[in-house]
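For reference, final-v5.tsv is printed below; it contains TSV, N, CA and C atoms.
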```tsv
chain	number	residue	atom	x	y	z
A	1	MET	N	16.81	60.96	-14.46
A	1	MET	CA	16.27	59.63	-14.46
A	1	MET	C	14.75	59.71	-14.44
A	2	LYS	N	14.13	58.85	-15.19
A	2	LYS	CA	12.69	58.88	-15.34
A	2	LYS	C	12.04	58.04	-14.22
A	3	ALA	N	11.01	58.57	-13.59
A	3	ALA	CA	10.32	57.86	-12.51
A	3	ALA	C	9.40	56.79	-13.10
A	4	LEU	N	9.35	55.63	-12.44
A	4	LEU	CA	8.49	54.54	-12.90
A	4	LEU	C	7.08	54.74	-12.36
A	5	THR	N	6.17	55.07	-13.21
A	5	THR	CA	4.78	55.27	-12.80
A	5	THR	C	3.88	54.20	-13.38
A	6	ASP	N	4.38	53.45	-14.33
A	6	ASP	CA	3.58	52.40	-14.94
A	6	ASP	C	3.64	51.15	-14.06
A	7	GLU	N	2.49	50.70	-13.57
A	7	GLU	CA	2.44	49.52	-12.69
A	7	GLU	C	1.93	48.28	-13.40
A	8	SER	N	1.90	48.30	-14.70
A	8	SER	CA	1.42	47.12	-15.42
A	8	SER	C	2.41	45.97	-15.21
A	9	GLY	N	1.86	44.82	-14.95
A	9	GLY	CA	2.69	43.64	-14.69
A	9	GLY	C	2.97	43.40	-13.23
A	10	SER	N	2.66	44.36	-12.36
A	10	SER	CA	2.95	44.15	-10.94
A	10	SER	C	2.05	43.09	-10.33
A	11	ALA	N	0.84	42.97	-10.85
A	11	ALA	CA	-0.06	41.93	-10.32
A	11	ALA	C	0.48	40.54	-10.64
A	12	ALA	N	1.04	40.39	-11.82
A	12	ALA	CA	1.62	39.09	-12.20
A	12	ALA	C	2.81	38.76	-11.32
A	13	VAL	N	3.64	39.74	-11.04
A	13	VAL	CA	4.80	39.51	-10.18
A	13	VAL	C	4.36	39.16	-8.76
A	14	GLU	N	3.38	39.86	-8.24
A	14	GLU	CA	2.88	39.55	-6.90
A	14	GLU	C	2.25	38.17	-6.86
A	15	PHE	N	1.53	37.81	-7.91
A	15	PHE	CA	0.92	36.48	-7.98
A	15	PHE	C	1.99	35.40	-7.91
A	16	VAL	N	3.03	35.56	-8.69
A	16	VAL	CA	4.12	34.57	-8.70
A	16	VAL	C	4.82	34.52	-7.35
A	17	LEU	N	5.09	35.68	-6.77
A	17	LEU	CA	5.81	35.72	-5.50
A	17	LEU	C	5.02	35.10	-4.35
A	18	PHE	N	3.71	35.21	-4.38
A	18	PHE	CA	2.90	34.69	-3.28
A	18	PHE	C	2.39	33.27	-3.51
A	19	THR	N	2.13	32.90	-4.75
A	19	THR	CA	1.54	31.57	-4.99
A	19	THR	C	2.57	30.46	-5.08
A	20	ILE	N	3.72	30.72	-5.62
A	20	ILE	CA	4.73	29.65	-5.74
A	20	ILE	C	5.09	29.08	-4.37
A	21	PRO	N	5.39	29.89	-3.36
A	21	PRO	CA	5.70	29.31	-2.05
A	21	PRO	C	4.52	28.55	-1.42
A	22	LEU	N	3.31	28.84	-1.85
A	22	LEU	CA	2.16	28.13	-1.32
A	22	LEU	C	1.85	26.85	-2.11
A	23	LEU	N	2.07	26.90	-3.41
A	23	LEU	CA	1.73	25.75	-4.25
A	23	LEU	C	2.75	24.62	-4.18
A	24	VAL	N	4.01	24.93	-3.98
A	24	VAL	CA	5.03	23.88	-3.92
A	24	VAL	C	4.80	22.95	-2.73
A	25	PRO	N	4.60	23.45	-1.50
A	25	PRO	CA	4.31	22.52	-0.40
A	25	PRO	C	3.00	21.75	-0.61
A	26	LEU	N	2.01	22.40	-1.22
A	26	LEU	CA	0.76	21.71	-1.50
A	26	LEU	C	0.97	20.55	-2.47
A	27	ALA	N	1.76	20.77	-3.50
A	27	ALA	CA	2.06	19.71	-4.47
A	27	ALA	C	2.83	18.57	-3.81
A	28	ILE	N	3.78	18.89	-2.94
A	28	ILE	CA	4.53	17.85	-2.22
A	28	ILE	C	3.60	17.05	-1.32
A	29	PHE	N	2.72	17.74	-0.60
A	29	PHE	CA	1.79	17.06	0.28
A	29	PHE	C	0.86	16.14	-0.50
A	30	LEU	N	0.30	16.62	-1.60
A	30	LEU	CA	-0.62	15.80	-2.39
A	30	LEU	C	0.07	14.58	-3.00
A	31	THR	N	1.30	14.75	-3.43
A	31	THR	CA	2.05	13.62	-3.98
A	31	THR	C	2.32	12.58	-2.90
A	32	THR	N	2.74	13.02	-1.73
A	32	THR	CA	3.01	12.10	-0.62
A	32	THR	C	1.74	11.37	-0.19
A	33	ALA	N	0.65	12.10	-0.09
A	33	ALA	CA	-0.62	11.47	0.30
A	33	ALA	C	-1.07	10.46	-0.74
A	34	SER	N	-0.88	10.77	-2.00
A	34	SER	CA	-1.27	9.85	-3.07
A	34	SER	C	-0.44	8.57	-3.02
A	35	VAL	N	0.86	8.71	-2.83
A	35	VAL	CA	1.74	7.53	-2.76
A	35	VAL	C	1.38	6.67	-1.55
A	36	SER	N	1.15	7.30	-0.41
A	36	SER	CA	0.80	6.56	0.80
A	36	SER	C	-0.54	5.86	0.65
A	37	GLY	N	-1.51	6.55	0.09
A	37	GLY	CA	-2.83	5.94	-0.10
A	37	GLY	C	-2.80	4.78	-1.06
A	38	SER	N	-2.04	4.92	-2.11
A	38	SER	CA	-1.92	3.85	-3.09
A	38	SER	C	-1.27	2.61	-2.48
A	39	LEU	N	-0.21	2.81	-1.72
A	39	LEU	CA	0.46	1.68	-1.07
A	39	LEU	C	-0.47	1.02	-0.06
A	40	GLU	N	-1.19	1.81	0.70
A	40	GLU	CA	-2.09	1.24	1.71
A	40	GLU	C	-3.20	0.41	1.07
A	41	MET	N	-3.76	0.89	-0.03
A	41	MET	CA	-4.80	0.11	-0.73
A	41	MET	C	-4.22	-1.16	-1.33
A	42	ASP	N	-3.04	-1.07	-1.93
A	42	ASP	CA	-2.41	-2.25	-2.52
A	42	ASP	C	-2.07	-3.29	-1.46
A	43	MET	N	-1.62	-2.84	-0.29
A	43	MET	CA	-1.30	-3.79	0.79
A	43	MET	C	-2.55	-4.45	1.34
A	44	SER	N	-3.62	-3.71	1.44
A	44	SER	CA	-4.88	-4.28	1.90
A	44	SER	C	-5.35	-5.36	0.92
A	45	ASN	N	-5.27	-5.06	-0.36
A	45	ASN	CA	-5.64	-6.05	-1.37
A	45	ASN	C	-4.71	-7.26	-1.32
A	46	TYR	N	-3.43	-7.02	-1.11
A	46	TYR	CA	-2.43	-8.09	-1.01
A	46	TYR	C	-2.76	-9.04	0.14
A	47	SER	N	-3.05	-8.50	1.31
A	47	SER	CA	-3.36	-9.35	2.45
A	47	SER	C	-4.66	-10.13	2.22
A	48	ARG	N	-5.65	-9.50	1.60
A	48	ARG	CA	-6.91	-10.21	1.31
A	48	ARG	C	-6.69	-11.33	0.31
A	49	GLN	N	-5.87	-11.08	-0.71
A	49	GLN	CA	-5.60	-12.12	-1.70
A	49	GLN	C	-4.80	-13.28	-1.10
A	50	LEU	N	-3.85	-12.97	-0.23
A	50	LEU	CA	-3.08	-14.03	0.42
A	50	LEU	C	-3.97	-14.92	1.28
A	51	VAL	N	-4.80	-14.31	2.11
A	51	VAL	CA	-5.64	-15.11	2.99
A	51	VAL	C	-6.68	-15.89	2.18
A	52	ARG	N	-7.15	-15.30	1.09
A	52	ARG	CA	-8.11	-16.01	0.23
A	52	ARG	C	-7.44	-17.21	-0.43
A	53	ALA	N	-6.21	-17.05	-0.90
A	53	ALA	CA	-5.47	-18.17	-1.50
A	53	ALA	C	-5.24	-19.26	-0.46
A	54	TYR	N	-5.04	-18.86	0.78
A	54	TYR	CA	-4.80	-19.83	1.84
A	54	TYR	C	-6.05	-20.66	2.14
A	55	VAL	N	-7.16	-20.00	2.39
A	55	VAL	CA	-8.37	-20.74	2.81
A	55	VAL	C	-9.02	-21.52	1.68
A	56	THR	N	-8.75	-21.15	0.42
A	56	THR	CA	-9.34	-21.90	-0.69
A	56	THR	C	-8.43	-23.02	-1.19
A	57	SER	N	-7.28	-23.20	-0.56
A	57	SER	CA	-6.39	-24.29	-0.96
A	57	SER	C	-7.04	-25.62	-0.65
A	58	PRO	N	-6.95	-26.55	-1.58
A	58	PRO	CA	-7.59	-27.85	-1.35
A	58	PRO	C	-6.91	-28.67	-0.25
A	59	THR	N	-5.59	-28.54	-0.11
A	59	THR	CA	-4.86	-29.27	0.93
A	59	THR	C	-3.75	-28.39	1.48
A	60	ASP	N	-3.19	-28.82	2.61
A	60	ASP	CA	-2.07	-28.09	3.20
A	60	ASP	C	-0.83	-28.13	2.32
A	61	ASP	N	-0.72	-29.14	1.46
A	61	ASP	CA	0.47	-29.30	0.63
A	61	ASP	C	0.63	-28.19	-0.41
A	62	VAL	N	-0.44	-27.59	-0.87
A	62	VAL	CA	-0.37	-26.59	-1.93
A	62	VAL	C	-0.43	-25.16	-1.41
A	63	VAL	N	-0.57	-24.99	-0.10
A	63	VAL	CA	-0.70	-23.64	0.47
A	63	VAL	C	0.54	-22.79	0.17
A	64	ALA	N	1.71	-23.32	0.41
A	64	ALA	CA	2.94	-22.55	0.21
A	64	ALA	C	3.09	-22.12	-1.25
A	65	ALA	N	2.79	-23.01	-2.17
A	65	ALA	CA	2.90	-22.68	-3.60
A	65	ALA	C	1.90	-21.60	-4.00
A	66	ARG	N	0.69	-21.67	-3.47
A	66	ARG	CA	-0.32	-20.66	-3.80
A	66	ARG	C	0.04	-19.30	-3.21
A	67	LEU	N	0.54	-19.29	-1.98
A	67	LEU	CA	0.98	-18.01	-1.38
A	67	LEU	C	2.15	-17.42	-2.17
A	68	ALA	N	3.08	-18.27	-2.60
A	68	ALA	CA	4.21	-17.79	-3.39
A	68	ALA	C	3.75	-17.22	-4.73
A	69	GLN	N	2.73	-17.81	-5.32
A	69	GLN	CA	2.21	-17.32	-6.59
A	69	GLN	C	1.57	-15.94	-6.43
A	70	VAL	N	0.77	-15.76	-5.39
A	70	VAL	CA	0.17	-14.45	-5.12
A	70	VAL	C	1.26	-13.44	-4.82
A	71	ASP	N	2.23	-13.82	-4.00
A	71	ASP	CA	3.34	-12.93	-3.65
A	71	ASP	C	4.10	-12.50	-4.90
A	72	SER	N	4.41	-13.42	-5.77
A	72	SER	CA	5.15	-13.12	-6.99
A	72	SER	C	4.36	-12.16	-7.89
A	73	ALA	N	3.07	-12.39	-8.02
A	73	ALA	CA	2.24	-11.52	-8.86
A	73	ALA	C	2.22	-10.10	-8.33
A	74	PHE	N	2.10	-9.94	-7.03
A	74	PHE	CA	2.08	-8.60	-6.45
A	74	PHE	C	3.44	-7.94	-6.53
A	75	GLN	N	4.52	-8.69	-6.32
A	75	GLN	CA	5.86	-8.11	-6.39
A	75	GLN	C	6.14	-7.59	-7.80
A	76	ASN	N	5.77	-8.36	-8.80
A	76	ASN	CA	6.09	-8.00	-10.19
A	76	ASN	C	5.19	-6.92	-10.76
A	77	LYS	N	3.91	-6.93	-10.40
A	77	LYS	CA	2.96	-6.04	-11.07
A	77	LYS	C	2.50	-4.87	-10.22
A	78	ILE	N	2.41	-5.02	-8.93
A	78	ILE	CA	1.80	-3.99	-8.08
A	78	ILE	C	2.85	-3.21	-7.30
A	79	PHE	N	3.66	-3.90	-6.51
A	79	PHE	CA	4.58	-3.22	-5.61
A	79	PHE	C	5.75	-2.54	-6.31
A	80	SER	N	6.00	-2.89	-7.56
A	80	SER	CA	7.08	-2.22	-8.29
A	80	SER	C	6.76	-0.74	-8.52
A	81	HIS	N	5.49	-0.36	-8.45
A	81	HIS	CA	5.08	1.04	-8.65
A	81	HIS	C	4.88	1.79	-7.34
A	82	ASP	N	4.95	1.11	-6.21
A	82	ASP	CA	4.60	1.72	-4.93
A	82	ASP	C	5.78	2.23	-4.10
A	83	ALA	N	6.97	2.19	-4.62
A	83	ALA	CA	8.16	2.67	-3.90
A	83	ALA	C	8.32	1.99	-2.55
A	84	VAL	N	8.27	0.66	-2.56
A	84	VAL	CA	8.41	-0.13	-1.34
A	84	VAL	C	9.88	-0.47	-1.14
A	85	ILE	N	10.36	-0.33	0.09
A	85	ILE	CA	11.72	-0.72	0.43
A	85	ILE	C	11.73	-2.24	0.61
A	86	GLY	N	12.47	-2.93	-0.21
A	86	GLY	CA	12.51	-4.39	-0.14
A	86	GLY	C	11.18	-4.98	-0.54
A	87	ASN	N	10.90	-6.17	-0.05
A	87	ASN	CA	9.63	-6.83	-0.33
A	87	ASN	C	8.77	-6.78	0.92
A	88	PRO	N	7.46	-6.59	0.76
A	88	PRO	CA	6.58	-6.66	1.94
A	88	PRO	C	6.66	-8.06	2.55
A	89	THR	N	6.60	-8.12	3.86
A	89	THR	CA	6.63	-9.41	4.55
A	89	THR	C	5.24	-9.73	5.07
A	90	PHE	N	4.96	-11.01	5.19
A	90	PHE	CA	3.68	-11.40	5.75
A	90	PHE	C	3.87	-12.55	6.72
A	91	GLU	N	2.98	-12.60	7.70
A	91	GLU	CA	2.99	-13.70	8.67
A	91	GLU	C	1.58	-14.25	8.80
A	92	VAL	N	1.50	-15.55	8.94
A	92	VAL	CA	0.22	-16.25	9.01
A	92	VAL	C	-0.03	-16.67	10.45
A	93	GLN	N	-1.26	-16.42	10.92
A	93	GLN	CA	-1.66	-16.85	12.26
A	93	GLN	C	-2.93	-17.67	12.13
A	94	CYS	N	-2.98	-18.78	12.84
A	94	CYS	CA	-4.13	-19.67	12.81
A	94	CYS	C	-4.75	-19.74	14.19
A	95	SER	N	-6.08	-19.77	14.24
A	95	SER	CA	-6.76	-19.83	15.54
A	95	SER	C	-6.69	-21.23	16.13
A	96	ILE	N	-6.65	-22.24	15.28
A	96	ILE	CA	-6.53	-23.63	15.75
A	96	ILE	C	-5.54	-24.36	14.85
A	97	GLN	N	-5.00	-25.44	15.38
A	97	GLN	CA	-4.06	-26.26	14.61
A	97	GLN	C	-4.71	-27.59	14.29
A	98	PRO	N	-4.52	-28.14	13.13
A	98	PRO	CA	-3.84	-27.57	11.97
A	98	PRO	C	-4.64	-26.39	11.40
A	99	CYS	N	-3.97	-25.56	10.67
A	99	CYS	CA	-4.57	-24.32	10.17
A	99	CYS	C	-5.80	-24.55	9.30
A	100	MET	N	-5.80	-25.58	8.53
A	100	MET	CA	-6.89	-25.81	7.59
A	100	MET	C	-8.06	-26.57	8.23
A	101	SER	N	-8.15	-26.55	9.56
A	101	SER	CA	-9.27	-27.21	10.24
A	101	SER	C	-10.55	-26.42	9.99
A	102	SER	N	-11.64	-27.12	9.79
A	102	SER	CA	-12.91	-26.44	9.50
A	102	SER	C	-13.32	-25.55	10.67
A	103	GLY	N	-13.77	-24.36	10.33
A	103	GLY	CA	-14.19	-23.40	11.34
A	103	GLY	C	-13.06	-22.56	11.92
A	104	GLY	N	-11.84	-22.86	11.56
A	104	GLY	CA	-10.70	-22.09	12.06
A	104	GLY	C	-10.58	-20.74	11.36
A	105	VAL	N	-9.98	-19.79	12.04
A	105	VAL	CA	-9.78	-18.46	11.47
A	105	VAL	C	-8.30	-18.31	11.11
A	106	ILE	N	-8.06	-17.92	9.88
A	106	ILE	CA	-6.70	-17.67	9.41
A	106	ILE	C	-6.54	-16.18	9.19
A	107	SER	N	-5.49	-15.62	9.80
A	107	SER	CA	-5.20	-14.19	9.66
A	107	SER	C	-3.81	-14.02	9.04
A	108	ILE	N	-3.70	-13.07	8.13
A	108	ILE	CA	-2.41	-12.76	7.53
A	108	ILE	C	-2.15	-11.28	7.72
A	109	ARG	N	-1.00	-10.98	8.33
A	109	ARG	CA	-0.58	-9.59	8.58
A	109	ARG	C	0.57	-9.27	7.63
A	110	VAL	N	0.43	-8.17	6.91
A	110	VAL	CA	1.43	-7.74	5.93
A	110	VAL	C	2.06	-6.44	6.40
A	111	THR	N	3.39	-6.34	6.26
A	111	THR	CA	4.12	-5.15	6.65
A	111	THR	C	5.05	-4.73	5.52
A	112	ALA	N	5.05	-3.43	5.23
A	112	ALA	CA	5.94	-2.87	4.20
A	112	ALA	C	6.35	-1.46	4.60
A	113	ARG	N	7.48	-1.04	4.06
A	113	ARG	CA	7.98	0.31	4.36
A	113	ARG	C	8.09	1.08	3.05
A	114	ASN	N	7.57	2.30	3.05
A	114	ASN	CA	7.58	3.15	1.87
A	114	ASN	C	8.89	3.92	1.81
A	115	SER	N	9.52	3.95	0.65
A	115	SER	CA	10.82	4.62	0.51
A	115	SER	C	10.70	6.14	0.45
A	116	ILE	N	9.53	6.65	0.09
A	116	ILE	CA	9.36	8.10	-0.01
A	116	ILE	C	9.04	8.71	1.35
A	117	THR	N	8.05	8.15	2.03
A	117	THR	CA	7.62	8.71	3.32
A	117	THR	C	8.35	8.10	4.50
A	118	GLN	N	9.06	6.99	4.29
A	118	GLN	CA	9.74	6.24	5.35
A	118	GLN	C	8.75	5.74	6.40
A	119	LYS	N	7.50	5.61	6.03
A	119	LYS	CA	6.46	5.14	6.94
A	119	LYS	C	6.27	3.65	6.75
A	120	THR	N	6.04	2.94	7.86
A	120	THR	CA	5.77	1.51	7.81
A	120	THR	C	4.26	1.30	7.80
A	121	PHE	N	3.79	0.51	6.85
A	121	PHE	CA	2.37	0.21	6.72
A	121	PHE	C	2.12	-1.24	7.11
A	122	THR	N	1.06	-1.47	7.87
A	122	THR	CA	0.69	-2.82	8.28
A	122	THR	C	-0.81	-3.01	8.04
A	123	THR	N	-1.16	-4.10	7.38
A	123	THR	CA	-2.56	-4.44	7.19
A	123	THR	C	-2.76	-5.89	7.59
A	124	GLU	N	-3.99	-6.23	7.93
A	124	GLU	CA	-4.30	-7.60	8.33
A	124	GLU	C	-5.66	-7.99	7.78
A	125	SER	N	-5.74	-9.22	7.29
A	125	SER	CA	-7.00	-9.76	6.79
A	125	SER	C	-7.20	-11.14	7.40
A	126	SER	N	-8.47	-11.48	7.64
A	126	SER	CA	-8.82	-12.77	8.23
A	126	SER	C	-9.97	-13.40	7.47
A	127	GLU	N	-9.97	-14.72	7.43
A	127	GLU	CA	-11.08	-15.47	6.85
A	127	GLU	C	-11.25	-16.76	7.63
A	128	ILE	N	-12.46	-17.28	7.55
A	128	ILE	CA	-12.80	-18.53	8.22
A	128	ILE	C	-12.71	-19.67	7.22
A	129	VAL	N	-12.08	-20.76	7.63
A	129	VAL	CA	-12.02	-21.95	6.80
A	129	VAL	C	-13.41	-22.56	6.81
A	130	ASP	N	-13.92	-22.88	5.61
A	130	ASP	CA	-15.31	-23.37	5.55
A	130	ASP	C	-15.49	-24.65	6.37
A	131	GLN	N	-16.69	-24.84	6.87
A	131	GLN	CA	-16.98	-25.94	7.80
A	131	GLN	C	-17.17	-27.28	7.11
A	132	TRP	N	-17.22	-27.30	5.81
A	132	TRP	CA	-17.46	-28.56	5.10
A	132	TRP	C	-16.17	-29.13	4.53
A	133	ARG	N	-15.08	-28.79	5.09
A	133	ARG	CA	-13.79	-29.31	4.66
A	133	ARG	C	-13.60	-30.71	5.12
```

Could you show the structure in this file as structure tokens?
Amino acid sequence: MKALTDESGSAAVEFVLFTIPLLVPLAIFLTTASVSGSLEMDMSNYSRQLVRAYVTSPTDDVVAARLAQVDSAFQNKIFSHDAVIGNPTFEVQCSIQPCMSSGGVISIRVTARNSITQKTFTTESSEIVDQWR
């Protein structure tokens, strides 16, 4: 039997054996971080748009329709790419009643759960109702 003295190609084999186990977890981590970051930014934008639609409403009668319009736009165009479990929920809090009173602060808190990381994300945005209402 002939002894193997030629070591050509051993560097390539060692490279594959050592880098694949290191690169696979790195790729998984980067993908997870990217998905989480994207969802967090989209939720922050969602809460800001909801509160903006609320405080710029001319009357209390159109608030629900404007919030539904923003919600529908985000559900159809943004959250369909973010791997969200169900639909994000939001709750409105007002510093004074009625909510559209001048000088009042309106806060909207949004909560969603990511299907990949199973992490729950919560963001909150606040705005002041203008004083010349």

* Counting all atoms listed in the file, the residue of A:Thr111, A:Gln75, A:Gln131, A:Ser125 that sits nearest Val51 in chain A ->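 Nearest to Val51 in chain A: A:Ser125.
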
* If you run DSSP over the backbone, which residues in chain A end up strand (DSSP E or B)? Put them as a PyMOL selection string. => chain A and resi 84-94+105-114+120-128

* State, in Å with one decimal place, the distance from atom N of Val84 in chain A to atom C of Ile106 in chain A. =>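 Pair atom N of Val84 in chain A / atom C of Ile106 in chain A returns 25.3 Å.
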
* Asked: Separation of CA of Ser72 in chain A and atom C of Gly86 in chain A, in Å?
  -> 12.0 Å

* To do: List every protein, DNA or RNA residue that has at least one atom no more than 6 Å from (5.1, 11.2, 0.8) in the file's coordinates, counting only C-alpha atoms, and write the result as a PyMOL selection string.
  => chain A and resi 32-33+116-117

* Asked: If you run DSSP on this backbone, which residues of range 64-126 of chain A come out as alpha helix (DSSP H), and could you give them as a PyMOL selection string?
  -> chain A and resi 64-77

* Measuring atom to atom with all atoms listed in the file, identify which of A:Ala12, A:Val129, A:Leu39, A:Leu17 is nearest to Ala83 in chain A. =>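 Once distances to Ala83 in chain A are computed over all atoms listed in the file, the minimum belongs to A:Leu39.
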
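One distance worth recording is that between CA of His81 in chain A and CA of Asn45 in chain A, which is 14.8 Å.
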
* Looking at A:Val16, A:Ile28, A:Met41, A:Ala112, which one is nearest to Ile85 in chain A, with distances taken over only C-alpha atoms? -> A:Ala112

* Neighbours of Glu124 in chain A within 6 Å (all atoms listed in the file; same-chain residues fewer than 5 positions away dropped), as a VMD selection string? -> chain A and resid 47 108 to 110

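Distance check against Cys99 in chain A using only C-alpha atoms: of A:Val55, A:Glu14, A:Pro21, A:Asn114, the minimum falls on A:Val55.
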
* For each of A:Gln69, A:Ser126, A:Ser115, A:Thr59, take the minimum atom-to-atom distance to Met100 in chain A, counting only C-alpha atoms, then give the residue where this is smallest. =>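 Counting only C-alpha atoms, the residue closest to Met100 in chain A is A:Thr59.
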
* So which one's closest to Pro98 in chain A, A:Ile78, A:Asp60, A:Ala65, A:Thr120? Using only C-alpha atoms, please. ->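 That would be A:Asp60, the residue with the smallest distance to Pro98 in chain A.
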
* Please provide the set of residues having any atom within 8 Å of Ser101 in chain A, restricted to all atoms listed in the file, with same-chain residues fewer than 5 positions apart removed, written as a PyMOL selection string. => chain A and resi 96+128-133
